[in-house]
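Chemist: Next comes final.cif, mmCIF, C-alpha atoms:
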```
data_my_file
#
loop_
_atom_site.label_atom_id
_atom_site.label_comp_id
_atom_site.auth_asym_id
_atom_site.auth_seq_id
_atom_site.Cartn_x
_atom_site.Cartn_y
_atom_site.Cartn_z
CA MET A 1442 135.94 8.95 90.99
CA ILE A 1443 133.14 7.14 89.18
CA ASP A 1444 132.18 3.76 90.60
CA GLN A 1445 129.14 2.05 92.04
CA SER A 1446 129.62 3.78 95.39
CA ALA A 1447 129.44 7.20 93.74
CA TYR A 1448 126.20 6.31 92.01
CA ALA A 1449 124.78 4.60 95.09
CA LEU A 1450 125.20 7.83 97.05
CA ILE A 1451 123.38 9.89 94.44
CA ALA A 1452 120.68 7.27 93.94
CA GLY A 1453 120.07 6.99 97.66
CA SER A 1454 119.75 10.75 97.97
CA ALA A 1455 117.28 10.84 95.06
CA VAL A 1456 115.16 8.15 96.70
CA ASP A 1457 115.24 9.91 100.07
CA ARG A 1458 114.22 13.20 98.45
CA LEU A 1459 111.27 11.57 96.68
CA LEU A 1460 110.10 9.89 99.88
CA THR A 1461 109.97 13.23 101.68
CA ALA A 1462 109.44 16.08 99.23
CA GLU A 1463 106.88 14.39 96.98
CA ARG A 1464 104.59 12.75 99.52
CA ASP A 1465 101.91 15.47 99.30
CA ALA A 1466 101.88 15.32 95.49
CA ILE A 1467 101.60 11.52 95.57
CA GLU A 1468 98.74 11.75 98.06
CA ARG A 1469 96.85 14.17 95.80
CA ALA A 1470 97.55 12.02 92.75
CA GLY A 1471 96.37 8.93 94.61
CA ALA A 1472 93.10 10.66 95.45
CA LEU A 1473 92.51 11.43 91.75
CA ILE A 1474 93.27 7.86 90.70
CA HIS A 1475 91.10 6.38 93.44
CA ALA A 1476 88.16 8.60 92.48
CA SER A 1477 88.54 7.59 88.84
CA LEU A 1478 88.70 3.86 89.53
CA ARG A 1479 85.73 3.98 91.91
CA ALA A 1480 83.75 5.64 89.11
CA GLY A 1481 84.60 2.77 86.76
CA GLY A 1482 87.53 4.53 85.15
CA VAL A 1483 90.85 3.21 83.95
CA LEU A 1484 94.27 4.68 84.63
CA GLN A 1485 95.86 5.46 81.26
CA ALA A 1486 99.67 5.34 81.64
CA PHE A 1487 101.83 6.88 78.92
CA GLY A 1488 105.53 7.39 78.46
CA THR A 1489 108.03 7.32 75.61
CA GLY A 1490 111.68 6.33 75.59
CA HIS A 1491 112.84 4.97 78.94
CA SER A 1492 109.78 6.51 80.59
CA ARG A 1493 107.94 3.49 79.20
CA SER A 1494 109.55 1.58 82.09
CA VAL A 1495 107.53 3.59 84.58
CA ALA A 1496 104.29 3.18 82.62
CA LEU A 1497 104.97 -0.56 82.45
CA GLU A 1498 105.54 -0.69 86.21
CA LEU A 1499 101.93 0.43 86.64
CA THR A 1500 100.55 -2.09 84.17
CA GLY A 1501 99.62 -5.75 84.49
CA ARG A 1502 101.97 -6.76 87.28
CA ALA A 1503 101.56 -8.77 90.46
CA GLY A 1504 100.56 -6.45 93.28
CA GLY A 1505 99.57 -3.71 90.86
CA LEU A 1506 96.23 -2.17 90.03
CA VAL A 1507 94.14 -4.06 87.47
CA PRO A 1508 92.39 -1.12 85.75
CA VAL A 1509 95.55 0.29 84.16
CA ASN A 1510 96.11 0.52 80.43
CA GLN A 1511 99.53 1.33 79.03
CA LEU A 1512 99.39 3.63 76.02
CA GLY A 1513 102.46 3.57 73.81
CA ILE A 1514 103.98 4.19 70.42
CA ARG A 1515 103.96 0.42 69.98
CA ASP A 1516 100.14 0.61 69.80
CA LEU A 1517 100.44 1.96 66.27
CA ALA A 1518 101.75 -1.47 65.22
CA TYR A 1519 99.94 -3.63 67.80
CA TYR A 1520 96.48 -2.22 67.19
CA GLY A 1521 96.86 0.04 64.14
CA ASP A 1522 98.17 -0.36 60.63
CA ALA A 1523 101.77 0.80 61.17
CA SER A 1524 104.58 -1.66 60.59
CA PRO A 1525 107.23 -2.28 63.26
CA ARG A 1526 109.73 -0.56 60.96
CA ASP A 1527 107.60 2.60 61.07
CA ILE A 1528 108.00 2.99 64.83
CA LEU A 1529 111.61 1.97 65.42
CA ASP A 1530 113.08 5.47 65.08
CA PRO A 1531 113.69 6.71 68.67
CA LYS A 1532 112.98 10.27 67.51
CA ILE A 1533 109.41 9.39 66.57
CA GLU A 1534 108.31 10.73 69.97
CA ARG A 1535 108.97 14.23 68.60
CA GLU A 1536 106.53 13.77 65.72
CA PRO A 1537 103.45 16.06 65.80
CA GLY A 1538 100.14 14.21 65.70
CA LEU A 1539 101.58 10.98 67.10
CA ALA A 1540 99.63 11.11 70.38
CA ALA A 1541 96.35 11.64 68.56
CA ARG A 1542 96.97 8.49 66.53
CA ILE A 1543 97.68 6.52 69.72
CA TRP A 1544 94.58 7.96 71.40
CA GLU A 1545 92.32 6.92 68.54
CA LEU A 1546 93.36 3.27 68.95
CA ALA A 1547 92.36 3.11 72.65
CA ASP A 1548 88.98 2.90 74.37
CA ILE A 1549 89.35 6.02 76.52
CA ARG A 1550 86.27 7.05 78.48
CA PRO A 1551 85.32 10.23 80.36
CA GLU A 1552 85.97 8.77 83.81
CA ASP A 1553 89.58 7.79 83.01
CA VAL A 1554 92.64 9.39 84.62
CA PHE A 1555 96.09 9.82 83.06
CA VAL A 1556 99.58 9.33 84.44
CA ILE A 1557 102.08 10.69 81.91
CA ILE A 1558 105.79 10.16 82.43
CA SER A 1559 108.61 12.15 80.84
CA ASN A 1560 111.90 13.29 82.34
CA SER A 1561 112.19 16.30 80.02
CA GLY A 1562 108.45 16.88 79.80
CA GLY A 1563 108.86 18.50 76.40
CA ASN A 1564 108.67 15.89 73.65
CA ALA A 1565 105.85 16.50 71.19
CA ALA A 1566 104.02 13.22 71.85
CA ILE A 1567 104.10 13.74 75.62
CA VAL A 1568 102.82 17.32 75.51
CA GLU A 1569 100.19 16.43 72.92
CA MET A 1570 98.89 13.49 74.95
CA ALA A 1571 98.59 15.70 78.03
CA ARG A 1572 96.87 18.41 76.02
CA LEU A 1573 94.38 15.94 74.54
CA ALA A 1574 93.56 14.59 78.00
CA VAL A 1575 93.10 18.03 79.56
CA ARG A 1576 90.89 19.26 76.73
CA ARG A 1577 88.65 16.25 77.20
CA GLY A 1578 88.34 16.80 80.94
CA HIS A 1579 90.63 14.04 82.22
CA PRO A 1580 92.83 14.58 85.29
CA VAL A 1581 96.51 14.42 84.35
CA ILE A 1582 99.28 13.40 86.74
CA ALA A 1583 102.84 14.06 85.59
CA ILE A 1584 105.99 12.28 86.70
CA THR A 1585 108.79 14.49 85.42
CA SER A 1586 112.01 16.31 86.31
CA ARG A 1587 111.33 19.87 87.40
CA GLU A 1588 115.03 20.69 86.96
CA HIS A 1589 115.12 19.50 83.35
CA THR A 1590 111.74 20.81 82.31
CA ALA A 1591 112.53 24.24 83.76
CA VAL A 1592 114.75 24.98 80.75
CA ALA A 1593 112.02 24.25 78.20
CA VAL A 1594 110.88 27.30 76.27
CA GLU A 1595 107.63 25.87 74.92
CA GLU A 1596 104.65 24.16 76.53
CA ARG A 1597 105.63 21.46 79.02
CA LEU A 1598 103.96 18.46 80.60
CA ALA A 1599 104.24 20.13 84.00
CA ASP A 1600 102.24 23.11 82.75
CA LEU A 1601 99.31 20.88 81.80
CA ALA A 1602 99.19 18.44 84.72
CA GLN A 1603 96.85 18.76 87.66
CA VAL A 1604 99.47 17.13 89.90
CA VAL A 1605 103.23 17.06 89.27
CA ILE A 1606 105.49 14.48 90.91
CA ASP A 1607 109.12 15.55 90.61
CA ASN A 1608 111.40 12.57 89.99
CA GLY A 1609 114.40 14.57 91.20
CA ALA A 1610 116.53 13.78 88.15
CA PRO A 1611 119.02 16.42 87.00
CA TYR A 1612 119.01 18.12 83.63
CA GLY A 1613 119.87 15.42 81.09
CA ASP A 1614 119.01 12.67 83.63
CA ALA A 1615 122.53 11.22 83.99
CA THR A 1616 124.17 11.95 87.34
CA LEU A 1617 127.94 11.35 87.28
CA PRO A 1618 129.99 13.90 85.26
CA LEU A 1619 132.58 12.43 82.91
CA PRO A 1620 136.05 14.01 82.48
CA GLY A 1621 135.60 14.50 78.73
CA GLY A 1622 132.08 15.92 79.00
CA GLY A 1623 128.67 14.40 79.45
CA SER A 1624 127.55 12.24 82.34
CA ALA A 1625 126.77 8.61 83.17
CA CYS A 1626 124.14 6.72 85.17
CA GLY A 1627 120.57 7.97 84.87
CA VAL A 1628 118.22 8.19 87.84
CA SER A 1629 114.77 8.99 86.43
CA THR A 1630 113.68 5.37 85.99
CA LEU A 1631 114.70 4.50 89.54
CA THR A 1632 112.71 7.31 91.12
CA GLY A 1633 109.90 7.04 88.58
CA VAL A 1634 109.27 3.39 89.39
CA LEU A 1635 109.34 4.21 93.10
CA ALA A 1636 106.77 6.97 92.53
CA ALA A 1637 104.59 4.49 90.63
CA GLN A 1638 104.60 2.01 93.50
CA LEU A 1639 103.91 4.76 96.03
CA LEU A 1640 100.89 5.71 93.94
CA VAL A 1641 99.69 2.11 94.00
CA ALA A 1642 100.07 1.98 97.78
CA GLU A 1643 98.16 5.24 98.16
CA VAL A 1644 95.28 4.05 95.98
CA VAL A 1645 95.07 0.62 97.61
CA GLY A 1646 95.00 2.26 101.04
CA ARG A 1647 92.12 4.46 99.99
CA PHE A 1648 90.10 1.47 98.80
CA LEU A 1649 90.70 -0.33 102.09
CA ALA A 1650 89.82 2.77 104.12
CA ALA A 1651 86.51 2.88 102.24
CA GLY A 1652 85.85 -0.77 103.14
CA GLU A 1653 86.23 -1.91 99.53
CA PRO A 1654 88.50 -4.61 98.12
CA PRO A 1655 91.22 -3.04 95.97
CA PRO A 1656 91.41 -4.28 92.36
CA VAL A 1657 94.90 -5.75 92.56
CA PHE A 1658 96.59 -8.39 90.41
CA ARG A 1659 97.86 -11.59 91.98
CA SER A 1660 100.91 -13.33 90.62
CA ALA A 1661 100.04 -15.66 87.76
CA ASN A 1662 102.65 -17.96 89.26
CA THR A 1663 100.60 -18.61 92.41
CA PRO A 1664 97.60 -20.95 92.85
CA GLY A 1665 94.39 -19.27 91.71
CA GLY A 1666 96.21 -16.23 90.38
CA ASP A 1667 95.03 -16.58 86.79
CA ALA A 1668 91.40 -17.07 87.80
CA HIS A 1669 91.48 -14.12 90.20
CA ASN A 1670 93.00 -11.83 87.58
CA ALA A 1671 90.59 -12.96 84.86
CA ARG A 1672 87.59 -12.13 87.06
CA LEU A 1673 88.82 -8.59 87.62
CA LEU A 1674 89.85 -8.03 84.00
CA ASP A 1675 86.38 -9.10 82.82
CA ARG A 1676 85.03 -5.83 84.24
CA TYR A 1677 87.06 -3.80 81.77
CA GLY A 1678 87.28 -5.92 78.64
CA PRO A 1679 89.45 -4.39 75.90
CA ARG A 1680 89.76 -1.11 77.81
CA VAL A 1681 92.71 -2.72 79.64
CA ARG A 1682 95.18 -4.08 77.09
CA LEU A 1683 98.07 -5.85 78.73
CA GLY A 1684 100.07 -6.20 75.51
CA ASP A 1685 103.57 -7.18 76.51
CA ALA A 1686 103.06 -6.18 80.15
#
```
Could you take the file, read its structure, and then write that structure out as structure tokens?
Modeler:
Amino acid sequence: MIDQSAYALIAGSAVDRLLTAERDAIERAGALIHASLRAGGVLQAFGTGHSRSVALELTGRAGGLVPVNQLGIRDLAYYGDASPRDILDPKIEREPGLAARIWELADIRPEDVFVIISNSGGNAAIVEMARLAVRRGHPVIAITSREHTAVAVEERLADLAQVVIDNGAPYGDATLPLPGGGSACGVSTLTGVLAAQLLVAEVVGRFLAAGEPPPVFRSANTPGGDAHNARLLDRYGPRVRLGDA
């Protein structure tokens, strides 16, 4: 039977698995991010499709880290010369050379670290972005499904990343099999967003352990929030583009 209880059981199990099996990977990823930010770096978050939700969770939100820039296909229209019509095709993420075009529009510096999110880990833009980062000496952290990416026959995000966080999603992402074929109710965004917040907690804890104030956004809807956020953002200028975050 497919109902909310069936999905709740699977979702709860996926969350529990992430909270136990991926703690070491999140700790190692947090150490890389902390080192980058202490050196003046920016966390570059990139995802396509629904993985954009996880990149957005890391970017420009109350309680989140300030030095995070979300890279995206939208940048080609926001900051480049592409029209919105040019980027509306959901299959554009498979286009060779797309990541290089996105990279060229950002102010990416040697001390930056990358978090790249993709359930399949195999789309051209995802693999290309990871490859570009690795070739330029940037640490790459992947949030991906090991089960799905295991069936890929070509280069995968997981092959390029220094740290891999497994989101625990099944092949194809959806979790509840349908009688006529296919499945319903994806889980990768749920566990991906949780992984993102665990990373934030890990990094903030490392700043505090070092006796340093963590660069964290305050809600713009609280007294002094705008002024606090503006002071921190001034350190990074256009390197951190909040866009529609």
Chemist: Report as number ranges by chain the full result of the PyMOL selection byres ((chain A and resi 1676) around 12) when it is applied to this structure.
Modeler: A: 1478, 1481-1483, 1507-1508, 1656, 1670-1675, 1677-1681
Chemist: Tell me, in Å to one decimal, how far atom CA of A:Ala1547 is from atom CA of A:Arg1682.
Modeler: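 Distance between the two atoms: 8.9 Å.
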Chemist: Between A:Gly1504, A:Ile1606, A:Ser1454, A:Asp1465, single out the one closest to A:Ala1642, counting only C-alpha atoms.
Modeler: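 Closest to A:Ala1642 of all the choices is A:Gly1504.
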Chemist: Can you list, as a PyMOL selection string, every protein, DNA or RNA residue that comes within 10 Å of A:Phe1648 when you count only C-alpha atoms, leaving out same-chain residues fewer than 5 positions away?
Modeler: chain A and resi 1475-1476+1478-1479+1643+1653-1656
Chemist: Go through A:Pro1611, A:Ile1474, A:Arg1464, A:Gly1490 one by one, measure the shortest atom-to-atom distance of each to A:Ala1625 using all atoms listed in the file, and give the residue with the smallest value.
Modeler: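 Comparing A:Pro1611, A:Ile1474, A:Arg1464, A:Gly1490 against A:Ala1625, the winner is A:Pro1611.
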Chemist: Give me, please, the distance in Å between atom CA of A:Val1641 and atom CA of A:Arg1550, quoted to one decimal.
Modeler: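 Spanning atom CA of A:Val1641 to atom CA of A:Arg1550 is a straight-line distance of 21.1 Å.
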Chemist: Would you list the contacts of A:Thr1630 as a PyMOL selection string, taking every protein, DNA or RNA residue within 7 Å and counting all atoms listed in the file, but skipping same-chain residues closer than 4 positions in sequence?
Modeler: chain A and resi 1492+1494-1495+1634
Chemist: To one decimal place, how far is atom CA of A:Phe1487 from atom CA of A:Thr1500 in Å?
Modeler: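 For atom CA of A:Phe1487 relative to atom CA of A:Thr1500, the distance reads 10.5 Å.
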Chemist: Just checking: using all atoms listed in the file, which residue out of A:Glu1545, A:Glu1536, A:Asp1667, A:Glu1498 ends up closest to A:Leu1573?
Modeler: A:Glu1545
Chemist: Here is a test: counting only C-alpha atoms, which residue of A:Gly1501, A:Gly1513, A:Pro1618, A:Gly1646 is nearest to A:Ile1558?
Modeler: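 That would be A:Gly1513, the residue with the smallest distance to A:Ile1558.
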Chemist: Just give me the residues with any atom within 10 Å of (99.3, 14.6, 75.0), file coordinates, counting all atoms listed in the file, written as number ranges by chain.
Modeler: A: 1487, 1538-1541, 1543-1544, 1555, 1557, 1564-1576, 1581, 1598, 1601
Chemist: Just the residues within 9 Å of A:Arg1515, please, counting only C-alpha atoms, with nothing from its chain fewer than 2 positions along; format it as a PDB file with C-alpha atoms, in the frame of the given file.
Modeler:
```
ATOM      1  CA  LEU A1512      99.390   3.630  76.020  1.00  0.00           C
ATOM      2  CA  GLY A1513     102.460   3.570  73.810  1.00  0.00           C
ATOM      3  CA  LEU A1517     100.440   1.960  66.270  1.00  0.00           C
ATOM      4  CA  ALA A1518     101.750  -1.470  65.220  1.00  0.00           C
ATOM      5  CA  TYR A1519      99.940  -3.630  67.800  1.00  0.00           C
ATOM      6  CA  TYR A1520      96.480  -2.220  67.190  1.00  0.00           C
ATOM      7  CA  PRO A1525     107.230  -2.280  63.260  1.00  0.00           C
ATOM      8  CA  ILE A1528     108.000   2.990  64.830  1.00  0.00           C
ATOM      9  CA  ILE A1543      97.680   6.520  69.720  1.00  0.00           C
TER      10      ILE A1543
END
```
Chemist: I would like the residues chosen by the PyMOL selection byres ((chain A and resi 1661) around 12) on the shown file; could you give them as a ChimeraX atom specification?
Modeler: /A:1501-1504,1658-1660,1662-1671
Chemist: Could you check which of A:Leu1473, A:Leu1631, A:Val1509, A:Leu1460 is closest to A:Pro1580, using only C-alpha atoms?
Modeler: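 Answer, going by the shortest atom-to-atom distance: A:Leu1473.
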Chemist: Kindly list the centre and edge lengths in Å, rounded to one decimal, for the axis-aligned box that covers all listed atoms of stretch 1540-1555 of chain A plus 8 Å on each of its six sides, as JSON.
Modeler:
```
{"center_x": 92.5, "center_y": 7.3, "center_z": 75.6, "size_x": 30.3, "size_y": 24.7, "size_z": 34.1}
```
Chemist: When you count all atoms listed in the file, which of these residues is closest to A:Ala1486: A:Ile1533, A:Ile1443, A:Ile1467, A:Ala1583?
Modeler: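 Ranked by minimum distance to A:Ala1486, first place goes to A:Ala1583.
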Chemist: Give as a list in words each residue that has an atom at most 8 Å from (114.2, 17.2, 79.2) in the file, counting all atoms listed in the file.
Modeler: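 Collected hits near the coordinates: Ser1559, Asn1560, Ser1561, Gly1562, Gly1563, Asn1564, Ser1586, His1589, Thr1590, Val1592, Ala1593, Tyr1612, Gly1613 and Asp1614 of chain A.
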Chemist: Could you give me, as JSON, numbers by chain, the residues within 12 Å of A:Cys1626, counting all atoms listed in the file and dropping anything in the same chain fewer than 5 positions from it?
Modeler: {"A": [1443, 1444, 1445, 1446, 1447, 1448, 1449, 1450, 1451, 1452, 1610, 1611, 1613, 1614, 1615, 1616, 1617, 1618, 1619, 1631]}
Chemist: What would the file be for stretch 1495-1527 of chain A if you keep N, CA and C atoms and write it as an mmCIF file, in the first residue's frame?
Modeler:
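Okay, part.cif is ready:
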```
data_model
loop_
_atom_site.group_PDB
_atom_site.id
_atom_site.type_symbol
_atom_site.label_atom_id
_atom_site.label_comp_id
_atom_site.auth_asym_id
_atom_site.auth_seq_id
_atom_site.Cartn_x
_atom_site.Cartn_y
_atom_site.Cartn_z
ATOM 1 N N VAL A 1495 19.568 21.454 -2.541
ATOM 2 C CA VAL A 1495 20.586 21.241 -1.528
ATOM 3 C C VAL A 1495 21.630 22.353 -1.581
ATOM 4 N N ALA A 1496 22.023 22.752 -2.786
ATOM 5 C CA ALA A 1496 22.949 23.879 -2.927
ATOM 6 C C ALA A 1496 22.338 25.149 -2.336
ATOM 7 N N LEU A 1497 21.052 25.356 -2.575
ATOM 8 C CA LEU A 1497 20.367 26.530 -2.038
ATOM 9 C C LEU A 1497 20.305 26.489 -0.522
ATOM 10 N N GLU A 1498 20.155 25.300 0.047
ATOM 11 C CA GLU A 1498 20.101 25.174 1.503
ATOM 12 C C GLU A 1498 21.387 25.678 2.152
ATOM 13 N N LEU A 1499 22.484 25.596 1.429
ATOM 14 C CA LEU A 1499 23.768 26.064 1.957
ATOM 15 C C LEU A 1499 23.981 27.558 1.761
ATOM 16 N N THR A 1500 23.115 28.205 1.009
ATOM 17 C CA THR A 1500 23.402 29.552 0.512
ATOM 18 C C THR A 1500 22.444 30.598 1.056
ATOM 19 N N GLY A 1501 22.992 31.626 1.691
ATOM 20 C CA GLY A 1501 22.247 32.840 2.003
ATOM 21 C C GLY A 1501 21.035 32.654 2.886
ATOM 22 N N ARG A 1502 21.114 31.734 3.854
ATOM 23 C CA ARG A 1502 19.941 31.539 4.706
ATOM 24 C C ARG A 1502 20.288 31.786 6.177
ATOM 25 N N ALA A 1503 19.266 32.153 6.939
ATOM 26 C CA ALA A 1503 19.455 32.369 8.367
ATOM 27 C C ALA A 1503 20.037 31.120 9.014
ATOM 28 N N GLY A 1504 21.089 31.318 9.799
ATOM 29 C CA GLY A 1504 21.748 30.200 10.451
ATOM 30 C C GLY A 1504 22.768 29.497 9.591
ATOM 31 N N GLY A 1505 22.903 29.922 8.352
ATOM 32 C CA GLY A 1505 23.859 29.298 7.439
ATOM 33 C C GLY A 1505 25.158 30.076 7.351
ATOM 34 N N LEU A 1506 26.126 29.474 6.694
ATOM 35 C CA LEU A 1506 27.439 30.103 6.537
ATOM 36 C C LEU A 1506 27.370 31.221 5.503
ATOM 37 N N VAL A 1507 28.009 32.341 5.808
ATOM 38 C CA VAL A 1507 27.991 33.489 4.897
ATOM 39 C C VAL A 1507 28.831 33.249 3.647
ATOM 40 N N PRO A 1508 30.064 32.752 3.770
ATOM 41 C CA PRO A 1508 30.907 32.619 2.567
ATOM 42 C C PRO A 1508 30.561 31.392 1.733
ATOM 43 N N VAL A 1509 29.339 31.388 1.192
ATOM 44 C CA VAL A 1509 28.882 30.317 0.310
ATOM 45 C C VAL A 1509 28.297 30.947 -0.941
ATOM 46 N N ASN A 1510 28.755 30.492 -2.079
ATOM 47 C CA ASN A 1510 28.251 30.982 -3.356
ATOM 48 C C ASN A 1510 27.607 29.823 -4.103
ATOM 49 N N GLN A 1511 26.374 29.999 -4.522
ATOM 50 C CA GLN A 1511 25.692 28.964 -5.288
ATOM 51 C C GLN A 1511 25.957 29.151 -6.775
ATOM 52 N N LEU A 1512 26.634 28.180 -7.364
ATOM 53 C CA LEU A 1512 26.815 28.138 -8.809
ATOM 54 C C LEU A 1512 25.612 27.439 -9.421
ATOM 55 N N GLY A 1513 25.180 27.887 -10.596
ATOM 56 C CA GLY A 1513 24.030 27.246 -11.204
ATOM 57 C C GLY A 1513 23.899 27.557 -12.684
ATOM 58 N N ILE A 1514 23.106 26.749 -13.356
ATOM 59 C CA ILE A 1514 22.828 26.986 -14.770
ATOM 60 C C ILE A 1514 22.200 28.360 -14.967
ATOM 61 N N ARG A 1515 21.431 28.805 -13.994
ATOM 62 C CA ARG A 1515 20.789 30.118 -14.062
ATOM 63 C C ARG A 1515 21.809 31.243 -14.240
ATOM 64 N N ASP A 1516 23.067 31.010 -13.795
ATOM 65 C CA ASP A 1516 24.102 32.043 -13.891
ATOM 66 C C ASP A 1516 24.334 32.478 -15.329
ATOM 67 N N LEU A 1517 24.084 31.578 -16.266
ATOM 68 C CA LEU A 1517 24.300 31.904 -17.675
ATOM 69 C C LEU A 1517 23.385 33.037 -18.124
ATOM 70 N N ALA A 1518 22.208 33.145 -17.491
ATOM 71 C CA ALA A 1518 21.288 34.240 -17.783
ATOM 72 C C ALA A 1518 21.455 35.389 -16.804
ATOM 73 N N TYR A 1519 21.704 35.074 -15.522
ATOM 74 C CA TYR A 1519 21.849 36.112 -14.498
ATOM 75 C C TYR A 1519 23.082 36.981 -14.753
ATOM 76 N N TYR A 1520 24.189 36.320 -15.060
ATOM 77 C CA TYR A 1520 25.476 37.019 -15.139
ATOM 78 C C TYR A 1520 26.133 36.929 -16.517
ATOM 79 N N GLY A 1521 25.592 36.102 -17.396
ATOM 80 C CA GLY A 1521 26.124 35.965 -18.746
ATOM 81 C C GLY A 1521 25.172 36.531 -19.771
ATOM 82 N N ASP A 1522 25.343 36.096 -21.002
ATOM 83 C CA ASP A 1522 24.546 36.667 -22.093
ATOM 84 C C ASP A 1522 23.476 35.702 -22.612
ATOM 85 N N ALA A 1523 23.233 34.601 -21.881
ATOM 86 C CA ALA A 1523 22.177 33.678 -22.298
ATOM 87 C C ALA A 1523 20.812 34.260 -21.943
ATOM 88 N N SER A 1524 19.815 33.914 -22.731
ATOM 89 C CA SER A 1524 18.450 34.321 -22.413
ATOM 90 C C SER A 1524 17.806 33.251 -21.541
ATOM 91 N N PRO A 1525 16.781 33.603 -20.765
ATOM 92 C CA PRO A 1525 16.085 32.586 -19.972
ATOM 93 C C PRO A 1525 15.619 31.408 -20.822
ATOM 94 N N ARG A 1526 15.190 31.678 -22.048
ATOM 95 C CA ARG A 1526 14.728 30.603 -22.927
ATOM 96 C C ARG A 1526 15.846 29.584 -23.185
ATOM 97 N N ASP A 1527 17.092 30.086 -23.224
ATOM 98 C CA ASP A 1527 18.221 29.205 -23.537
ATOM 99 C C ASP A 1527 18.441 28.143 -22.464
#
```
